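Asks: Handing over run.csv, CSV, C-alpha atoms.
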```
chain,number,residue,atom,x,y,z
D,1,MET,CA,-22.3,30.2,-13.4
D,2,ASN,CA,-19.6,28.6,-11.3
D,3,ILE,CA,-16.2,27.8,-12.6
D,4,LEU,CA,-13.8,25.9,-10.4
D,5,TYR,CA,-10.0,25.8,-10.7
D,6,LEU,CA,-8.0,22.8,-9.4
D,7,ILE,CA,-4.5,24.2,-8.9
D,8,GLY,CA,-1.3,22.2,-8.6
D,9,ASN,CA,2.4,22.8,-8.3
D,10,GLY,CA,2.6,23.8,-12.0
D,11,PHE,CA,1.1,27.1,-11.0
D,12,ASP,CA,4.0,28.0,-8.7
D,13,LEU,CA,6.5,26.7,-11.1
D,14,ASN,CA,5.1,28.8,-14.0
D,15,LEU,CA,5.6,31.9,-11.9
D,16,GLY,CA,9.3,31.0,-11.5
D,17,LEU,CA,9.2,29.5,-8.0
D,18,LYS,CA,11.5,26.6,-7.2
D,19,THR,CA,9.1,24.2,-5.7
D,20,LYS,CA,9.9,20.9,-7.4
D,21,LEU,CA,10.8,17.8,-5.3
D,22,SER,CA,14.3,18.1,-6.8
D,23,HIS,CA,14.6,21.7,-5.4
D,24,VAL,CA,13.9,20.4,-1.9
D,25,VAL,CA,16.3,17.4,-2.3
D,26,ASP,CA,19.1,19.7,-3.5
D,27,LYS,CA,18.9,21.5,-0.2
D,28,ILE,CA,18.8,18.3,1.8
D,29,ILE,CA,21.9,17.1,0.0
D,30,GLU,CA,23.7,20.1,1.5
D,31,ASP,CA,22.7,19.1,5.1
D,32,LYS,CA,25.2,17.5,7.4
D,33,ILE,CA,23.2,14.7,8.9
D,34,ASP,CA,24.1,12.4,11.9
D,35,SER,CA,20.9,10.5,12.5
D,36,PRO,CA,21.0,7.1,10.8
D,37,ASP,CA,17.2,7.3,10.1
D,38,ILE,CA,17.4,10.7,8.4
D,39,LEU,CA,20.5,9.4,6.4
D,40,LYS,CA,18.3,6.6,5.1
D,41,LEU,CA,15.7,9.1,4.1
D,42,LYS,CA,18.3,11.3,2.4
D,43,LYS,CA,19.5,8.4,0.3
D,44,SER,CA,16.0,7.5,-0.7
D,45,LEU,CA,15.2,11.1,-1.6
D,46,ILE,CA,18.4,11.4,-3.7
D,47,LYS,CA,17.3,8.3,-5.6
D,48,ASN,CA,13.9,9.7,-6.3
D,49,LYS,CA,14.6,13.4,-6.6
D,50,ASP,CA,13.4,13.6,-10.2
D,51,LEU,CA,9.9,12.3,-9.5
D,52,TRP,CA,6.8,14.4,-9.6
D,53,TRP,CA,5.3,15.1,-6.2
D,54,SER,CA,2.4,12.7,-6.8
D,55,ASP,CA,4.8,9.9,-7.8
D,56,PHE,CA,6.9,10.6,-4.8
D,57,GLU,CA,3.9,10.3,-2.5
D,58,PHE,CA,3.2,6.9,-4.0
D,59,GLN,CA,6.8,6.0,-3.3
D,60,LEU,CA,6.2,6.9,0.4
D,61,GLY,CA,3.6,4.1,0.5
D,62,GLN,CA,6.0,1.7,-1.1
D,63,ASN,CA,8.8,2.6,1.3
D,64,THR,CA,6.7,1.4,4.2
D,65,LYS,CA,8.0,-2.1,3.4
D,66,VAL,CA,11.1,-1.3,5.4
D,67,ILE,CA,9.3,0.1,8.4
D,68,LYS,CA,8.7,-2.3,11.3
D,69,PRO,CA,5.2,-1.9,12.9
D,70,ASN,CA,6.9,-1.3,16.3
D,71,ALA,CA,9.1,1.5,14.9
D,72,ILE,CA,6.5,4.1,13.7
D,73,THR,CA,8.5,6.8,15.5
D,74,VAL,CA,11.2,6.3,12.8
D,75,TYR,CA,8.6,7.2,10.1
D,76,ASP,CA,7.5,10.2,12.3
D,77,ASN,CA,11.1,11.5,12.6
D,78,GLN,CA,11.8,11.2,8.9
D,79,TYR,CA,8.4,12.7,8.0
D,80,ASN,CA,8.9,15.7,10.3
D,81,TYR,CA,12.4,16.4,9.1
D,82,PHE,CA,11.2,16.3,5.4
D,83,VAL,CA,8.2,18.5,6.1
D,84,ASN,CA,10.3,21.1,7.9
D,85,LYS,CA,12.6,21.3,4.9
D,86,ILE,CA,9.7,21.8,2.5
D,87,LYS,CA,8.3,24.5,4.8
D,88,ASP,CA,11.6,26.4,5.0
D,89,ILE,CA,12.3,26.2,1.3
D,90,PHE,CA,8.8,27.0,0.1
D,91,GLU,CA,8.5,30.0,2.5
D,92,LYS,CA,11.7,31.5,1.1
D,93,GLN,CA,10.3,31.0,-2.4
D,94,GLU,CA,7.1,32.7,-1.5
D,95,ASN,CA,8.9,35.7,0.0
D,96,ARG,CA,10.6,36.4,-3.4
D,97,ILE,CA,7.3,37.9,-4.7
D,98,ASP,CA,7.0,41.7,-4.3
D,99,TYR,CA,3.2,41.9,-3.7
D,100,GLN,CA,3.5,45.5,-2.3
D,101,ASN,CA,4.8,47.1,-5.5
D,102,LYS,CA,3.4,44.7,-8.0
D,103,THR,CA,-0.2,44.5,-6.8
D,104,SER,CA,-1.8,46.1,-9.9
D,105,PHE,CA,0.3,44.1,-12.3
D,106,ILE,CA,-0.4,40.9,-10.5
D,107,ALA,CA,-4.1,41.6,-10.3
D,108,SER,CA,-4.6,42.5,-14.0
D,109,SER,CA,-2.4,39.6,-15.2
D,110,PHE,CA,-4.0,37.0,-13.0
D,111,MET,CA,-7.6,38.0,-13.8
D,112,GLU,CA,-6.8,38.0,-17.6
D,113,HIS,CA,-5.5,34.4,-17.3
D,114,ILE,CA,-8.4,33.3,-15.0
D,115,THR,CA,-11.1,34.6,-17.3
D,116,THR,CA,-9.7,33.7,-20.7
D,117,PHE,CA,-8.6,30.1,-20.1
D,118,TYR,CA,-10.6,29.0,-23.2
D,119,ASN,CA,-8.1,30.6,-25.5
D,120,TYR,CA,-5.8,27.6,-25.0
D,121,LEU,CA,-8.4,25.2,-26.3
D,122,PRO,CA,-8.4,23.9,-29.9
D,123,ASP,CA,-11.1,25.5,-32.0
D,124,THR,CA,-13.8,22.9,-31.7
D,125,ASN,CA,-13.3,22.4,-27.9
D,126,LYS,CA,-13.2,26.1,-27.4
D,127,GLN,CA,-16.6,26.6,-29.1
D,128,ILE,CA,-18.2,23.9,-26.9
D,129,VAL,CA,-17.0,25.7,-23.8
D,130,LEU,CA,-17.9,29.2,-25.1
D,131,ASP,CA,-21.4,28.0,-25.9
D,132,ILE,CA,-21.8,27.0,-22.3
D,133,MET,CA,-20.5,30.4,-21.1
D,134,LYS,CA,-22.8,32.3,-23.5
D,135,LYS,CA,-25.8,30.9,-21.7
D,136,THR,CA,-24.9,33.1,-18.8
D,137,ASP,CA,-27.9,35.4,-18.2
D,138,VAL,CA,-27.5,39.2,-18.5
D,139,ASN,CA,-27.7,39.8,-14.8
D,140,GLU,CA,-25.8,36.6,-13.8
D,141,ASN,CA,-22.2,36.7,-12.7
D,142,ILE,CA,-19.5,34.2,-13.3
D,143,TYR,CA,-18.0,33.0,-10.0
D,144,TYR,CA,-14.5,31.5,-9.7
D,145,ASP,CA,-13.6,29.1,-6.8
D,146,PHE,CA,-10.3,27.4,-6.2
D,147,ILE,CA,-9.2,24.0,-4.8
D,148,THR,CA,-5.4,24.2,-4.5
D,149,PHE,CA,-3.3,21.1,-3.8
D,150,ASN,CA,-0.3,23.4,-3.1
D,151,TYR,CA,1.1,24.2,0.3
D,152,THR,CA,2.1,27.8,-0.6
D,153,SER,CA,-0.2,30.8,-0.2
D,154,VAL,CA,0.8,32.3,-3.6
D,155,LEU,CA,-2.6,31.7,-5.1
D,156,ASP,CA,-4.3,33.3,-2.0
D,157,ASN,CA,-2.1,36.4,-2.3
D,158,PHE,CA,-2.8,36.7,-6.0
D,159,VAL,CA,-6.6,36.6,-5.3
D,160,LYS,CA,-6.1,39.2,-2.5
D,161,CYS,CA,-4.2,41.5,-5.0
D,162,SER,CA,-7.1,41.1,-7.4
D,163,LEU,CA,-9.7,41.9,-4.8
D,164,ASN,CA,-7.8,45.0,-3.7
D,165,GLU,CA,-7.5,46.2,-7.3
D,166,TYR,CA,-11.0,45.6,-8.5
D,167,HIS,CA,-13.9,47.2,-6.5
D,168,LYS,CA,-15.6,44.7,-4.3
D,169,ASN,CA,-13.9,41.8,-6.1
D,170,LYS,CA,-15.8,42.5,-9.3
D,171,TYR,CA,-13.9,42.3,-12.6
D,172,LEU,CA,-15.9,43.4,-15.6
D,173,TYR,CA,-15.2,41.6,-18.8
D,174,PRO,CA,-17.5,40.9,-21.8
D,175,ILE,CA,-18.6,37.3,-22.3
D,176,PRO,CA,-16.6,35.8,-25.2
D,177,VAL,CA,-18.2,36.1,-28.7
D,178,ASN,CA,-20.9,38.2,-27.3
D,179,PRO,CA,-19.4,41.6,-26.3
D,180,GLN,CA,-22.9,43.1,-25.8
D,181,LYS,CA,-23.3,40.9,-22.7
D,182,GLN,CA,-21.1,42.0,-19.9
D,183,VAL,CA,-21.0,40.2,-16.6
D,184,TYR,CA,-18.9,40.5,-13.4
D,185,HIS,CA,-16.3,37.9,-12.9
D,186,ILE,CA,-16.1,37.3,-9.1
D,187,LEU,CA,-13.4,35.5,-7.2
D,188,ARG,CA,-14.7,33.6,-4.2
D,189,LYS,CA,-13.5,30.7,-2.2
D,190,ILE,CA,-10.0,29.0,-1.9
D,191,ILE,CA,-9.7,25.6,-0.3
D,192,HIS,CA,-6.2,24.2,0.6
D,193,ILE,CA,-7.1,20.6,0.4
D,194,HIS,CA,-3.7,19.5,1.8
D,195,ASN,CA,-3.3,22.5,4.2
D,196,THR,CA,-0.8,25.3,4.0
D,197,LEU,CA,2.7,25.7,5.3
D,198,GLU,CA,1.4,27.5,8.3
D,199,ASP,CA,-1.3,24.9,9.0
D,200,GLY,CA,1.0,21.9,8.7
D,201,LEU,CA,1.2,20.4,5.2
D,202,ILE,CA,-0.4,17.0,4.5
D,203,LEU,CA,1.7,14.6,2.5
D,204,GLY,CA,0.9,10.9,1.7
D,205,VAL,CA,-1.1,8.4,-0.2
D,206,ASP,CA,-4.7,8.0,-1.2
D,207,ASN,CA,-5.8,4.8,0.4
D,208,VAL,CA,-4.7,1.6,2.2
D,209,GLU,CA,-4.0,-0.3,-1.0
D,210,GLN,CA,-1.1,2.1,-1.6
D,211,ILE,CA,0.6,1.1,1.7
D,212,ALA,CA,3.0,-1.7,0.8
D,213,ASN,CA,3.4,-2.9,4.4
D,214,LYS,CA,0.2,-4.8,5.1
D,215,GLU,CA,0.7,-4.8,8.9
D,216,LEU,CA,0.9,-1.0,8.9
D,217,ALA,CA,-2.1,-0.9,6.5
D,218,ASP,CA,-4.1,-2.6,9.2
D,219,ASN,CA,-2.8,-0.3,11.9
D,220,LYS,CA,-5.4,2.4,12.7
D,221,TYR,CA,-2.8,4.4,14.6
D,222,PHE,CA,-0.6,4.6,11.5
D,223,LEU,CA,-3.2,5.4,8.8
D,224,PRO,CA,-3.7,9.1,9.7
D,225,ARG,CA,0.0,9.5,9.3
D,226,ILE,CA,0.1,8.5,5.6
D,227,ILE,CA,-3.4,8.5,4.1
D,228,LYS,CA,-4.2,12.1,3.2
D,229,LEU,CA,-8.0,11.9,3.7
D,230,GLU,CA,-7.5,10.2,7.0
D,231,THR,CA,-5.1,13.0,8.1
D,232,ILE,CA,-7.7,15.6,7.2
D,233,LYS,CA,-10.4,13.7,9.2
D,234,ALA,CA,-8.1,13.1,12.2
D,235,LEU,CA,-7.2,16.9,12.3
D,236,GLY,CA,-10.9,17.7,12.3
D,237,ARG,CA,-10.7,19.8,9.2
D,238,ASN,CA,-13.7,20.3,6.9
D,239,SER,CA,-11.7,20.9,3.7
D,240,ALA,CA,-12.7,17.7,2.0
D,241,VAL,CA,-16.5,18.3,2.5
D,242,GLU,CA,-16.1,21.9,1.3
D,243,ALA,CA,-14.2,20.8,-1.7
D,244,LYS,CA,-16.9,18.4,-2.7
D,245,GLU,CA,-19.5,21.1,-2.4
D,246,LEU,CA,-17.5,23.4,-4.7
D,247,ILE,CA,-17.2,20.6,-7.3
D,248,ASP,CA,-20.9,19.8,-7.1
D,249,LYS,CA,-21.9,23.4,-7.8
D,250,SER,CA,-19.6,24.0,-10.8
D,251,LYS,CA,-20.4,24.0,-14.5
D,252,ILE,CA,-16.8,24.0,-15.7
D,253,ILE,CA,-13.7,22.6,-13.9
D,254,ILE,CA,-10.2,23.5,-14.9
D,255,ALA,CA,-7.2,21.5,-13.7
D,256,PHE,CA,-4.0,23.4,-14.0
D,257,GLY,CA,-0.5,22.4,-12.9
D,258,LEU,CA,-1.9,19.2,-11.4
D,259,SER,CA,-0.4,15.8,-12.3
D,260,ILE,CA,-2.8,13.0,-12.8
D,261,GLY,CA,-1.5,11.0,-9.9
D,262,ILE,CA,-2.8,7.9,-8.2
D,263,THR,CA,-2.3,9.5,-4.7
D,264,ASP,CA,-5.2,11.8,-5.5
D,265,LYS,CA,-7.3,9.0,-6.9
D,266,TYR,CA,-10.3,9.9,-4.7
D,267,TRP,CA,-10.6,13.4,-6.3
D,268,TRP,CA,-10.2,12.3,-9.9
D,269,ASN,CA,-12.9,9.8,-9.4
D,270,TYR,CA,-15.2,12.3,-7.7
D,271,ILE,CA,-14.8,14.8,-10.5
D,272,ILE,CA,-15.5,12.2,-13.2
D,273,ASN,CA,-18.7,11.2,-11.3
D,274,TRP,CA,-19.6,14.9,-11.2
D,275,LEU,CA,-19.0,15.1,-15.0
D,276,ILE,CA,-21.3,12.2,-15.7
D,277,LYS,CA,-24.3,13.7,-13.8
D,278,ASN,CA,-24.9,16.6,-16.2
D,279,THR,CA,-24.2,16.6,-19.9
D,280,GLU,CA,-23.4,20.4,-19.9
D,281,ARG,CA,-20.6,20.1,-17.5
D,282,GLN,CA,-17.1,20.4,-18.9
D,283,PHE,CA,-13.7,19.3,-17.5
D,284,ILE,CA,-10.5,20.9,-18.8
D,285,ILE,CA,-7.1,19.5,-18.0
D,286,PHE,CA,-3.9,21.3,-18.8
D,287,ILE,CA,-1.2,18.7,-19.3
D,288,TYR,CA,2.5,19.3,-19.2
D,289,ASP,CA,5.2,17.5,-21.1
D,290,ASP,CA,8.5,19.3,-21.2
D,291,LYS,CA,9.8,17.0,-24.0
D,292,MET,CA,6.8,17.6,-26.3
D,293,ASP,CA,7.5,19.4,-29.6
D,294,ILE,CA,4.3,21.3,-30.3
D,295,THR,CA,5.3,21.7,-34.0
D,296,LEU,CA,4.8,17.9,-34.5
D,297,ASN,CA,1.1,16.8,-34.7
D,298,LEU,CA,1.8,13.2,-33.9
D,299,THR,CA,3.6,14.2,-30.7
D,300,LYS,CA,0.5,16.2,-29.7
D,301,LEU,CA,-1.8,13.3,-30.4
D,302,ASN,CA,0.5,10.9,-28.4
D,303,THR,CA,0.6,13.4,-25.5
D,304,ILE,CA,-3.2,13.5,-25.3
D,305,LYS,CA,-3.4,9.7,-25.6
D,306,ASN,CA,-0.9,9.3,-22.8
D,307,ALA,CA,-2.9,11.7,-20.6
D,308,GLU,CA,-6.1,9.8,-21.3
D,309,THR,CA,-4.3,6.6,-20.4
D,310,LYS,CA,-3.0,8.0,-17.2
D,311,LEU,CA,-6.5,9.4,-16.3
D,312,LEU,CA,-8.1,6.0,-16.9
D,313,SER,CA,-5.4,4.3,-14.8
D,314,VAL,CA,-6.6,6.2,-11.7
D,315,LEU,CA,-10.3,5.7,-12.2
D,316,ASP,CA,-12.4,3.0,-10.8
D,317,ASN,CA,-13.3,0.1,-13.2
D,318,SER,CA,-16.9,1.2,-13.6
D,319,LEU,CA,-15.8,4.7,-14.7
D,320,GLN,CA,-13.2,3.2,-17.1
D,321,ALA,CA,-16.0,1.2,-18.7
D,322,GLU,CA,-18.1,4.3,-19.3
D,323,TYR,CA,-15.3,6.5,-20.6
D,324,ASN,CA,-16.8,6.7,-24.1
D,325,THR,CA,-20.0,8.2,-22.7
D,326,TYR,CA,-18.3,11.3,-21.2
D,327,ASN,CA,-14.9,11.6,-22.8
D,328,ASP,CA,-16.1,14.3,-25.3
D,329,ARG,CA,-16.6,16.6,-22.3
D,330,ILE,CA,-13.0,16.2,-21.2
D,331,HIS,CA,-10.7,18.7,-22.9
D,332,PHE,CA,-7.0,18.1,-22.8
D,333,ILE,CA,-4.8,21.2,-23.3
D,334,PHE,CA,-1.2,20.2,-24.1
D,335,GLU,CA,0.2,23.7,-23.7
D,336,GLN,CA,0.5,25.1,-20.2
D,337,LYS,CA,3.8,27.0,-20.4
D,338,ASN,CA,2.1,30.4,-21.0
D,339,MET,CA,-1.0,30.0,-18.8
D,340,PHE,CA,-0.2,31.8,-15.5
D,341,LYS,CA,3.2,32.8,-16.9
D,342,ILE,CA,3.3,36.1,-15.0
D,343,GLU,CA,6.9,37.4,-15.0
D,344,ASN,CA,8.6,40.4,-13.3
D,345,ILE,CA,6.9,39.8,-10.0
D,346,PHE,CA,10.0,39.4,-7.8
D,347,TYR,CA,11.9,41.8,-5.6
D,348,ILE,CA,14.7,43.5,-7.5
D,349,LYS,CA,17.9,43.3,-5.5
D,350,LYS,CA,19.8,46.5,-5.8
D,351,GLU,CA,23.4,46.4,-4.8
D,352,PRO,CA,25.1,49.6,-3.5
D,353,LEU,CA,26.5,51.7,-6.4
D,354,PHE,CA,29.8,52.2,-4.5
D,355,ASP,CA,32.1,49.4,-3.3
D,356,THR,CA,32.3,49.7,0.5
D,357,GLY,CA,35.6,47.8,0.6
D,358,SER,CA,39.1,49.1,-0.1
D,359,TYR,CA,38.0,50.5,-3.5
D,360,ASN,CA,35.8,53.5,-4.0
D,361,ARG,CA,35.4,53.3,-7.8
D,362,TYR,CA,31.8,53.7,-9.2
D,363,ASN,CA,30.2,50.4,-10.2
D,364,LEU,CA,28.9,51.4,-13.6
D,365,SER,CA,27.7,47.9,-14.6
D,366,GLN,CA,25.5,47.6,-11.5
D,367,ALA,CA,24.2,51.2,-12.0
D,368,LEU,CA,23.2,50.3,-15.6
D,369,GLU,CA,21.3,47.2,-14.4
D,370,ASN,CA,19.1,49.4,-12.2
D,371,VAL,CA,18.5,52.2,-14.6
D,372,THR,CA,14.8,52.6,-15.5
D,373,PRO,CA,13.7,53.5,-19.1
D,374,LYS,CA,12.7,57.0,-17.8
D,375,GLU,CA,16.1,57.5,-16.2
D,376,LEU,CA,17.8,56.3,-19.3
D,377,ASN,CA,15.9,58.8,-21.4
D,378,ILE,CA,16.9,61.6,-19.1
D,379,ALA,CA,20.5,60.5,-19.1
D,380,SER,CA,20.6,60.3,-22.9
D,381,LYS,CA,19.4,63.9,-23.2
D,382,ALA,CA,21.9,65.0,-20.7
D,383,ILE,CA,24.8,63.2,-22.6
D,384,LYS,CA,23.9,65.1,-25.7
D,385,ASN,CA,24.6,68.4,-23.9
D,386,ILE,CA,27.9,67.4,-22.4
D,387,THR,CA,30.7,69.6,-23.7
D,388,PRO,CA,34.2,68.3,-24.6
D,389,ASP,CA,35.6,70.3,-21.7
D,390,ALA,CA,33.3,68.6,-19.3
D,391,ILE,CA,34.3,65.1,-20.6
D,392,LYS,CA,38.0,66.0,-20.1
D,393,LYS,CA,37.4,67.1,-16.5
D,394,PHE,CA,35.5,63.9,-15.8
D,395,ASN,CA,38.3,61.7,-17.2
D,396,ASP,CA,40.9,63.6,-15.2
D,397,PHE,CA,38.7,63.0,-12.1
D,398,THR,CA,38.4,59.3,-12.6
D,399,LYS,CA,42.1,58.9,-13.0
D,400,LYS,CA,42.6,60.2,-9.5
D,401,LEU,CA,40.3,57.6,-8.0
D,402,PRO,CA,42.0,54.7,-6.1
```
Please express the file's structure as structure tokens.

Replies:
Amino acid sequence: MNILYLIGNGFDLNLGLKTKLSHVVDKIIEDKIDSPDILKLKKSLIKNKDLWWSDFEFQLGQNTKVIKPNAITVYDNQYNYFVNKIKDIFEKQENRIDYQNKTSFIASSFMEHITTFYNYLPDTNKQIVLDIMKKTDVNENIYYDFITFNYTSVLDNFVKCSLNEYHKNKYLYPIPVNPQKQVYHILRKIIHIHNTLEDGLILGVDNVEQIANKELADNKYFLPRIIKLETIKALGRNSAVEAKELIDKSKIIIAFGLSIGITDKYWWNYIINWLIKNTERQFIIFIYDDKMDITLNLTKLNTIKNAETKLLSVLDNSLQAEYNTYNDRIHFIFEQKNMFKIENIFYIKKEPLFDTGSYNRYNLSQALENVTPKELNIASKAIKNITPDAIKKFNDFTKKLP
């Protein structure tokens, strides 16, 4: 059985990385800029800093209204500046993760999340998905592939940690509700549909209709600069073809951390067409609403309804008309705060225990921050054995410190 994950920026955010559009804009605000063209971009970014990435990409298409057809270099300069800022900020965020010392922890946590996604589903939806998974034969494996819309390589490194931890990338876990049937869960392919930071990230709209400037929409020279699929094609990359192959082979697709945005309209339509072709196929969408109160049932129902409305808005008319024929195989999960919430994966910055400046006093508060539970246990035992005479000597010593 093949299970496919579609991964968006919510994955990095749940890990604690600062990869929102607003995080990038905050850094741009600090820049001293002389170029009039970059200053215009800066003002536009500040105005739109709270948008989701997908909404911002749509705004790129709308902003073409102010670009003159003979001034495409202005767009190029603005684009290159912005992309370089993203690259610089995201690389620093990636480097916060301590893969070397956290390999085992990352691997076990990641695999547990990957293989038990169904636990976030409501009971009836969960049973539908489990019934599909139970059909896995005794000698059949479950394969996991990934299409990531992120520019970072965090997902890649998590998969590498898992492959290093589990022998020959096989993670043994009983099939749900049937512990007698054990299969290997195997991680396979990762496709960066919009490239990586190293490859040159791809940012833009979905099609010519999303380019507000109709002169530029008719300019074949400009299209690969702003339409993502055209960029992929112009760069000679095969990622779109490979992504479609993974989708076609999958039995279950899970979208996590991915906003239902019109600038990825092509992929949402392709997946719904995939869903229609086989009645056993299931599509699971984790939706995020930071204002939702999960203790209020009406709020939950409204959140799901809003997600359905947004999905329908990006689908072609024919798929919208058929929605009632396949909507029972689309499962919306309105809780994604805990999925892939893997904490304590960052480097711990340890400051020197002694001040190297004019003072030489022991920094007790910093020392306590870095004490491990084992060290604390040893220290507590040692404290019990300290004599009053020793305490007096220590106090006399500290009084002599500068």

Asks: If we count all atoms listed in the file, what is near region 205-215 of chain D at a cut-off of 6 Å, once residues fewer than 5 positions away on the same chain are taken out, given as a list in words?

Replies: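 Once the nearby chain positions are removed, what remains is Glu57, Phe58, Gly61, Gln62, Thr64, Lys65, Ile226, Ile227, Lys228, Thr263 and Asp264 of chain D.
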
Asks: Give the answer as one residue: which of D:Asn269, D:Asn77, D:Asn9, D:Asn48 has the shortest atom-to-atom distance to Ser35 (chain D), using all atoms listed in the file?

Replies: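 Looking at the shortest contact to Ser35 (chain D), the residue is D:Asn77.
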
Asks: Would you mind listing what lies within 10 Å of region 157-164 of chain D as a list in words, with only C-alpha atoms counted and same-chain residues fewer than 3 positions away left out?

Replies: Glu94, Ile97, Tyr99, Gln100, Lys102, Thr103, Ser104, Phe105, Ile106, Ala107, Ser108, Ser109, Phe110, Met111, Phe146, Thr152, Ser153, Val154, His167, Lys168, Asn169, Lys170, Tyr171, Ile186, Leu187, Arg188, Lys189 and Ile190 of chain D

Asks: Smallest atom-to-atom distance to Ile202 (chain D): which of D:Met1, D:Ile254, D:Ile247, D:Ile86, using all atoms listed in the file?

Replies: D:Ile86

Asks: Tell me, in Å to one decimal, how far CA of Trp52 (chain D) is from CA of Leu13 (chain D).

Replies: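 CA of Trp52 (chain D) sits 12.4 Å away from CA of Leu13 (chain D).
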
Asks: So how many Å separate CA of Ile260 (chain D) and CA of Ile147 (chain D), to one decimal?

Replies: 15.0 Å

Asks: Could you give me region 251-267 of chain D completed to N, CA and C atoms, formatted as a compact mmCIF listing (two decimals), keeping the file's coordinate frame?

Replies:
```txt
# COMPACT_ATOMS: atom_id res chain seq x y z
N LYS D 251 -20.01 24.36 -13.08
CA LYS D 251 -20.40 24.00 -14.50
C LYS D 251 -19.16 23.65 -15.27
N ILE D 252 -18.06 24.30 -14.98
CA ILE D 252 -16.80 24.00 -15.70
C ILE D 252 -15.70 23.86 -14.60
N ILE D 253 -14.88 22.83 -14.75
CA ILE D 253 -13.70 22.60 -13.90
C ILE D 253 -12.48 22.61 -14.69
N ILE D 254 -11.47 23.33 -14.22
CA ILE D 254 -10.20 23.50 -14.90
C ILE D 254 -9.08 22.98 -14.01
N ALA D 255 -8.35 21.97 -14.43
CA ALA D 255 -7.20 21.50 -13.70
C ALA D 255 -5.93 22.04 -14.28
N PHE D 256 -5.19 22.80 -13.49
CA PHE D 256 -4.00 23.40 -14.00
C PHE D 256 -2.77 23.07 -13.08
N GLY D 257 -1.69 22.61 -13.69
CA GLY D 257 -0.50 22.40 -12.90
C GLY D 257 -0.58 21.17 -11.99
N LEU D 258 -1.57 20.32 -12.26
CA LEU D 258 -1.90 19.20 -11.40
C LEU D 258 -1.60 17.90 -12.12
N SER D 259 -0.66 17.11 -11.64
CA SER D 259 -0.40 15.80 -12.30
C SER D 259 -1.49 14.85 -12.01
N ILE D 260 -1.76 14.01 -12.98
CA ILE D 260 -2.80 13.00 -12.80
C ILE D 260 -2.18 11.83 -12.03
N GLY D 261 -2.17 11.99 -10.72
CA GLY D 261 -1.50 11.00 -9.90
C GLY D 261 -2.42 10.12 -9.10
N ILE D 262 -1.96 8.91 -8.87
CA ILE D 262 -2.80 7.90 -8.20
C ILE D 262 -2.99 8.28 -6.70
N THR D 263 -2.10 9.13 -6.14
CA THR D 263 -2.30 9.50 -4.70
C THR D 263 -3.36 10.52 -4.51
N ASP D 264 -3.96 10.99 -5.59
CA ASP D 264 -5.20 11.80 -5.50
C ASP D 264 -6.32 11.13 -6.24
N LYS D 265 -6.31 9.82 -6.22
CA LYS D 265 -7.30 9.00 -6.90
C LYS D 265 -8.73 9.37 -6.52
N TYR D 266 -8.93 9.61 -5.24
CA TYR D 266 -10.30 9.90 -4.70
C TYR D 266 -10.86 11.12 -5.49
N TRP D 267 -10.05 12.16 -5.68
CA TRP D 267 -10.60 13.40 -6.30
C TRP D 267 -10.78 13.25 -7.78
```
